[in-house]
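Peer 1: Sending over a structure as structure tokens; questions will come in a sec.
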Amino acid sequence: MKVRVVIIAAVSADGFISRGTGVPWDLPQDRAHFRRLTAGRWLLLGRRTFEEMTGWFREHRPLVMTRRALPSPWEGVGVAGVEEAMRRVEEGGGDELWVCGGAAVYEAAMGYADELILTEVKAHLGGGVAFPMIEEGEWEVTRREVGEPGYEWVWYERVRKGTGKGG
Ligand SMILES: NC(=O)c1ccc[n+]([C@@H]2O[C@H](COP(=O)([O-])OP(=O)(O)OC[C@H]3O[C@@H](n4cnc5c(N)ncnc54)[C@H](OP(=O)(O)O)[C@@H]3O)[C@@H](O)[C@H]2O)c1
């Protein structure tokens with residue numbers, strides 16, 4: 001069975017997810033949307049993001065991408081990459097992996113992704129940690145919803161495989 005890979009992220013109008021540390025906006029309804037959509041799911045997070053969000057993942061099954069041995073006890077299980085995470089999900093009886101960042105993990109997972117759920121924030125950061133390029137022709141917008149003023153939730157479905165890993 002193929003594991004469906006869903007990327008969920010909040011991205012500025014100029015393509016950034018962060019200025020370097022933490023999330024650069026305060027959007028309570030978007031946090032609730034993230035919690036609602038990810039509750040109970042298998043997640044993939046980078047070690048930095050996982051550490052920033054310590055305590056968030058009691059209702060989840062977090063897999064943490066790292067090149068190191070994880071200190072113990074952790075809420076998360078360490079994985080070396082996206083394929084290992086997909087294998088873990090399959091072995092655990094799951095069929096979806098939700099990729100929650102940061103940038104290194106979005107970059108690694110983009111070629112495997114079937115769906116993107118983006119909070120498109122109408123702010124310009126002017127620099128920082130970038131979200132990967134959404135290649136034209138590979139994705140189709142299937143749904144748009146306005147949350148609080150200043151952003152939209154946008155769902156993209158893959159229509160064509162890319163040439164990168166997993167593509
Ligand atoms: N706006 C959003 O939706 C959103 C979402 C999530 C995060 N963020 C932001 O993104 C920023 C963090 O992004 P980031 O890119 O710096 O960090 P990250 O992706 O959260 O974590 C990076 C870590 O992942 C591990 N890693 C990366 N590539 C790997 C690979 N190929 N194989 C194995 N392990 C690998 C390494 O861990 P080790 O060092 O342990 O080896 C690396 O230090 C933060 O500011 C966070 O707030 C924003």
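Labels used: A, B, ... for chains in the order of the structure tokens, numbers from 1 for residues in each chain, and numbers from 1 for ligands as shown.
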Write out as a PyMOL selection string which residues come within 9 Å of A:Leu116 when counting only C-alpha atoms, dropping same-chain ones fewer than 3 positions away.
Peer 2: chain A and resi 5-9+113+139+154-158
Peer 1: Please provide as a PyMOL selection string all residues within 9 Å of A:Leu45, with the sequence filter that same-chain residues fewer than 3 positions apart are discarded (counting only C-alpha atoms).
Peer 2: chain A and resi 48-50+62-65+98-102+105-106
Peer 1: Would you save the residues of that selection, restricted to C-alpha atoms, as a compact mmCIF listing (two decimals), in the first residue's frame?
Peer 2:
```
# COMPACT_ATOMS: atom_id res chain seq x y z
CA ARG A 48 14.75 21.61 15.13
CA THR A 49 11.01 22.08 14.65
CA PHE A 50 10.25 19.17 16.94
CA PRO A 62 5.64 12.12 15.57
CA LEU A 63 8.58 10.84 13.55
CA VAL A 64 11.60 13.12 13.84
CA MET A 65 14.10 13.43 11.01
CA TRP A 98 1.75 14.46 7.44
CA VAL A 99 4.91 16.53 6.93
CA CYS A 100 5.00 19.52 9.29
CA GLY A 101 8.39 21.12 8.54
CA GLY A 102 10.75 22.80 8.91
CA VAL A 105 12.03 18.38 5.88
CA TYR A 106 9.72 20.16 3.42
```
Peer 1: Tell me, counting only C-alpha atoms and all ligand atoms, for each residue of chain A within 9 Å of ligand 1, which pair of atoms is nearest and how far apart they are in Å to one decimal, in rows ordered by chain and increasing number, as a Markdown table.
Peer 2:
```
| residue | atom | partner | partner_atom_place_in_ligand_line | distance |
| --- | --- | --- | --- | --- |
| A:Ile8 | CA | ligand 1 | 3 (O) | 6.7 |
| A:Ala9 | CA | ligand 1 | 3 (O) | 3.5 |
| A:Ala10 | CA | ligand 1 | 3 (O) | 3.7 |
| A:Val11 | CA | ligand 1 | 1 (N) | 5.6 |
| A:Ser12 | CA | ligand 1 | 1 (N) | 8.0 |
| A:Phe16 | CA | ligand 1 | 1 (N) | 7.3 |
| A:Ile17 | CA | ligand 1 | 1 (N) | 3.7 |
| A:Ser18 | CA | ligand 1 | 45 (O) | 4.8 |
| A:Arg19 | CA | ligand 1 | 45 (O) | 6.5 |
| A:Gly20 | CA | ligand 1 | 45 (O) | 4.6 |
| A:Thr21 | CA | ligand 1 | 45 (O) | 3.5 |
| A:Gly22 | CA | ligand 1 | 47 (O) | 3.5 |
| A:Val23 | CA | ligand 1 | 47 (O) | 4.6 |
| A:Pro24 | CA | ligand 1 | 1 (N) | 7.7 |
| A:Trp25 | CA | ligand 1 | 1 (N) | 8.6 |
| A:Leu45 | CA | ligand 1 | 20 (O) | 6.1 |
| A:Gly46 | CA | ligand 1 | 21 (O) | 3.4 |
| A:Arg47 | CA | ligand 1 | 21 (O) | 4.4 |
| A:Arg48 | CA | ligand 1 | 20 (O) | 4.0 |
| A:Thr49 | CA | ligand 1 | 20 (O) | 3.6 |
| A:Phe50 | CA | ligand 1 | 20 (O) | 6.4 |
| A:Glu51 | CA | ligand 1 | 20 (O) | 8.2 |
| A:Glu52 | CA | ligand 1 | 47 (O) | 6.8 |
| A:Met53 | CA | ligand 1 | 47 (O) | 8.3 |
| A:Val64 | CA | ligand 1 | 24 (O) | 7.6 |
| A:Met65 | CA | ligand 1 | 34 (N) | 4.5 |
| A:Thr66 | CA | ligand 1 | 34 (N) | 3.4 |
| A:Arg67 | CA | ligand 1 | 41 (O) | 3.5 |
| A:Arg68 | CA | ligand 1 | 41 (O) | 4.9 |
| A:Ala69 | CA | ligand 1 | 40 (O) | 7.8 |
| A:Leu70 | CA | ligand 1 | 40 (O) | 7.5 |
| A:Gly78 | CA | ligand 1 | 34 (N) | 8.9 |
| A:Val79 | CA | ligand 1 | 33 (C) | 7.1 |
| A:Ala80 | CA | ligand 1 | 33 (C) | 4.5 |
| A:Gly81 | CA | ligand 1 | 32 (N) | 5.0 |
| A:Val82 | CA | ligand 1 | 32 (N) | 8.2 |
| A:Val99 | CA | ligand 1 | 6 (C) | 8.9 |
| A:Cys100 | CA | ligand 1 | 6 (C) | 5.4 |
| A:Gly101 | CA | ligand 1 | 6 (C) | 3.8 |
| A:Gly102 | CA | ligand 1 | 13 (O) | 3.4 |
| A:Ala103 | CA | ligand 1 | 15 (O) | 3.6 |
| A:Ala104 | CA | ligand 1 | 19 (O) | 3.9 |
| A:Val105 | CA | ligand 1 | 19 (O) | 4.6 |
| A:Tyr106 | CA | ligand 1 | 19 (O) | 7.1 |
| A:Glu107 | CA | ligand 1 | 19 (O) | 8.4 |
| A:Ala108 | CA | ligand 1 | 31 (N) | 6.5 |
| A:Leu118 | CA | ligand 1 | 3 (O) | 8.0 |
| A:Thr119 | CA | ligand 1 | 3 (O) | 7.7 |
| A:Gly128 | CA | ligand 1 | 45 (O) | 8.6 |
| A:Val129 | CA | ligand 1 | 11 (C) | 6.4 |
| A:Ala130 | CA | ligand 1 | 10 (O) | 8.4 |
| A:Phe131 | CA | ligand 1 | 1 (N) | 8.3 |
```
Peer 1: Using DSSP on the backbone coordinates, identify all residues within chain A classified as strand (DSSP E); present the result as a ChimeraX atom specification.
Peer 2: /A:4-12,16-18,42-46,61-65,77-79,96-99,115-121,129-130,139-146,151-158
Peer 1: Using only C-alpha atoms, which residue out of A:Glu84, A:Asp14, A:Asp26, A:Glu145 lies closest to A:Ile117?
Peer 2: A:Glu145
Peer 1: Using Å and a single decimal, report how far atom CA of A:Met110 sits from atom CA of A:Arg41.
Peer 2: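 Between these atoms lies a distance of 18.7 Å.
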Peer 1: Which of these residues is nearest to A:Val121, using only C-alpha atoms: A:Asp30, A:Arg4, A:Gly94, A:Arg160?
Peer 2: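 For A:Val121, the nearest of the given residues is A:Asp30.
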Peer 1: Point out the residue among A:Val77, A:Thr142, A:His60, A:Tyr151 with the least atom-to-atom distance to A:Ala39, counting only C-alpha atoms.
Peer 2: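 That would be A:His60, the residue with the smallest distance to A:Ala39.
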Peer 1: Neighbours of A:Glu138 within 8 Å (only C-alpha atoms; same-chain residues fewer than 3 positions away dropped), as a list of chain:residue names?
Peer 2: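 That gives A:Ile134, A:Glu135, A:Arg158, A:Val159, A:Arg160, A:Lys161, A:Gly162.
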Peer 1: Would you mind telling me which residue in A:Arg61, A:Lys122, A:Arg36, A:Lys2 lies nearest to A:Gly76 when using only C-alpha atoms?
Peer 2: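 Result for the nearest residue to A:Gly76: A:Arg61.
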Peer 1: For atom CA of A:Glu140 and atom CA of A:Asp95, determine how far apart the two atoms are, in Å to one decimal place.
Peer 2: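 Spanning atom CA of A:Glu140 to atom CA of A:Asp95 is a straight-line distance of 22.2 Å.
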Peer 1: Please indicate the distance in Å from atom CA of A:Arg35 to atom CA of A:Arg87, rounded to one decimal place.
Peer 2: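 A separation of 23.9 Å between them.
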Peer 1: Where does DSSP see alpha helix (DSSP H) in stretch 27-136 of chain A, if you list the residues as number ranges by chain?
Peer 2: A: 28-38, 47-52, 82-91, 103-109
Peer 1: Can you write out the residues you just picked, keeping N, CA and C atoms, as a short mmCIF file (atom, residue, chain, number, x, y, z; two decimals), in the first residue's frame?
Peer 2:
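File written: result.cif
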```cif
data_model
loop_
_atom_site.label_atom_id
_atom_site.label_comp_id
_atom_site.auth_asym_id
_atom_site.auth_seq_id
_atom_site.Cartn_x
_atom_site.Cartn_y
_atom_site.Cartn_z
N PRO A 28 -4.26 32.44 15.78
CA PRO A 28 -4.87 31.41 16.63
C PRO A 28 -5.75 30.42 15.87
N GLN A 29 -6.54 30.92 14.92
CA GLN A 29 -7.42 29.98 14.19
C GLN A 29 -6.59 29.05 13.30
N ASP A 30 -5.47 29.53 12.84
CA ASP A 30 -4.61 28.67 12.02
C ASP A 30 -3.96 27.59 12.89
N ARG A 31 -3.60 27.94 14.11
CA ARG A 31 -3.07 26.91 15.02
C ARG A 31 -4.14 25.85 15.29
N ALA A 32 -5.38 26.30 15.47
CA ALA A 32 -6.48 25.35 15.72
C ALA A 32 -6.70 24.46 14.49
N HIS A 33 -6.60 25.05 13.31
CA HIS A 33 -6.75 24.32 12.04
C HIS A 33 -5.65 23.25 11.94
N PHE A 34 -4.42 23.63 12.29
CA PHE A 34 -3.30 22.69 12.26
C PHE A 34 -3.55 21.54 13.25
N ARG A 35 -3.98 21.89 14.45
CA ARG A 35 -4.25 20.85 15.46
C ARG A 35 -5.36 19.91 15.00
N ARG A 36 -6.42 20.51 14.44
CA ARG A 36 -7.59 19.71 14.03
C ARG A 36 -7.20 18.73 12.92
N LEU A 37 -6.46 19.23 11.94
CA LEU A 37 -6.13 18.38 10.79
C LEU A 37 -5.10 17.30 11.13
N THR A 38 -4.20 17.61 12.07
CA THR A 38 -3.11 16.66 12.32
C THR A 38 -3.38 15.71 13.48
N ARG A 47 14.23 17.78 13.35
CA ARG A 47 14.59 17.79 14.78
C ARG A 47 14.48 19.20 15.37
N ARG A 48 14.82 20.23 14.59
CA ARG A 48 14.75 21.61 15.13
C ARG A 48 13.30 22.00 15.42
N THR A 49 12.42 21.74 14.46
CA THR A 49 11.01 22.08 14.65
C THR A 49 10.42 21.29 15.80
N PHE A 50 10.76 20.02 15.86
CA PHE A 50 10.25 19.17 16.94
C PHE A 50 10.65 19.75 18.30
N GLU A 51 11.90 20.20 18.41
CA GLU A 51 12.35 20.76 19.69
C GLU A 51 11.63 22.07 19.99
N GLU A 52 11.41 22.89 18.94
CA GLU A 52 10.68 24.16 19.15
C GLU A 52 9.26 23.91 19.64
N VAL A 82 12.72 10.53 4.60
CA VAL A 82 11.29 10.43 4.27
C VAL A 82 10.91 8.98 3.99
N GLU A 83 11.77 8.25 3.30
CA GLU A 83 11.41 6.86 2.96
C GLU A 83 11.31 6.01 4.23
N GLU A 84 12.23 6.23 5.16
CA GLU A 84 12.13 5.47 6.42
C GLU A 84 10.84 5.85 7.15
N ALA A 85 10.48 7.13 7.12
CA ALA A 85 9.23 7.56 7.79
C ALA A 85 8.03 6.87 7.14
N MET A 86 8.01 6.81 5.80
CA MET A 86 6.89 6.16 5.10
C MET A 86 6.82 4.68 5.47
N ARG A 87 7.99 4.06 5.58
CA ARG A 87 8.04 2.64 5.95
C ARG A 87 7.48 2.43 7.36
N ARG A 88 7.84 3.33 8.27
CA ARG A 88 7.36 3.23 9.65
C ARG A 88 5.83 3.34 9.70
N VAL A 89 5.30 4.26 8.89
CA VAL A 89 3.84 4.45 8.87
C VAL A 89 3.17 3.17 8.38
N GLU A 90 3.72 2.64 7.31
CA GLU A 90 3.14 1.41 6.74
C GLU A 90 3.21 0.27 7.75
N GLU A 91 4.38 0.12 8.38
CA GLU A 91 4.54 -0.96 9.38
C GLU A 91 3.59 -0.76 10.56
N ALA A 103 12.03 23.64 7.10
CA ALA A 103 12.42 23.78 5.70
C ALA A 103 13.16 22.55 5.17
N ALA A 104 14.07 22.01 5.98
CA ALA A 104 14.87 20.86 5.53
C ALA A 104 13.95 19.67 5.22
N VAL A 105 12.93 19.52 6.03
CA VAL A 105 12.03 18.38 5.88
C VAL A 105 11.05 18.63 4.73
N TYR A 106 10.58 19.86 4.58
CA TYR A 106 9.72 20.16 3.42
C TYR A 106 10.49 19.89 2.13
N GLU A 107 11.74 20.32 2.11
CA GLU A 107 12.59 20.14 0.92
C GLU A 107 12.74 18.64 0.61
N ALA A 108 13.01 17.85 1.65
CA ALA A 108 13.22 16.41 1.46
C ALA A 108 11.92 15.70 1.04
N ALA A 109 10.77 16.22 1.50
CA ALA A 109 9.50 15.51 1.29
C ALA A 109 8.77 15.95 0.02
#
```
Peer 1: Nearest residue to A:Val3 out of A:Glu96, A:Glu115, A:Glu148, A:Glu136, using only C-alpha atoms?
Peer 2: A:Glu96
Peer 1: Using only C-alpha atoms for the distances, tell me which of A:Leu125, A:Met133, A:Asp114, A:Gly15 is nearest to A:Gly166.
Peer 2: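 With only C-alpha atoms as the atom set, the closest residue is A:Asp114.
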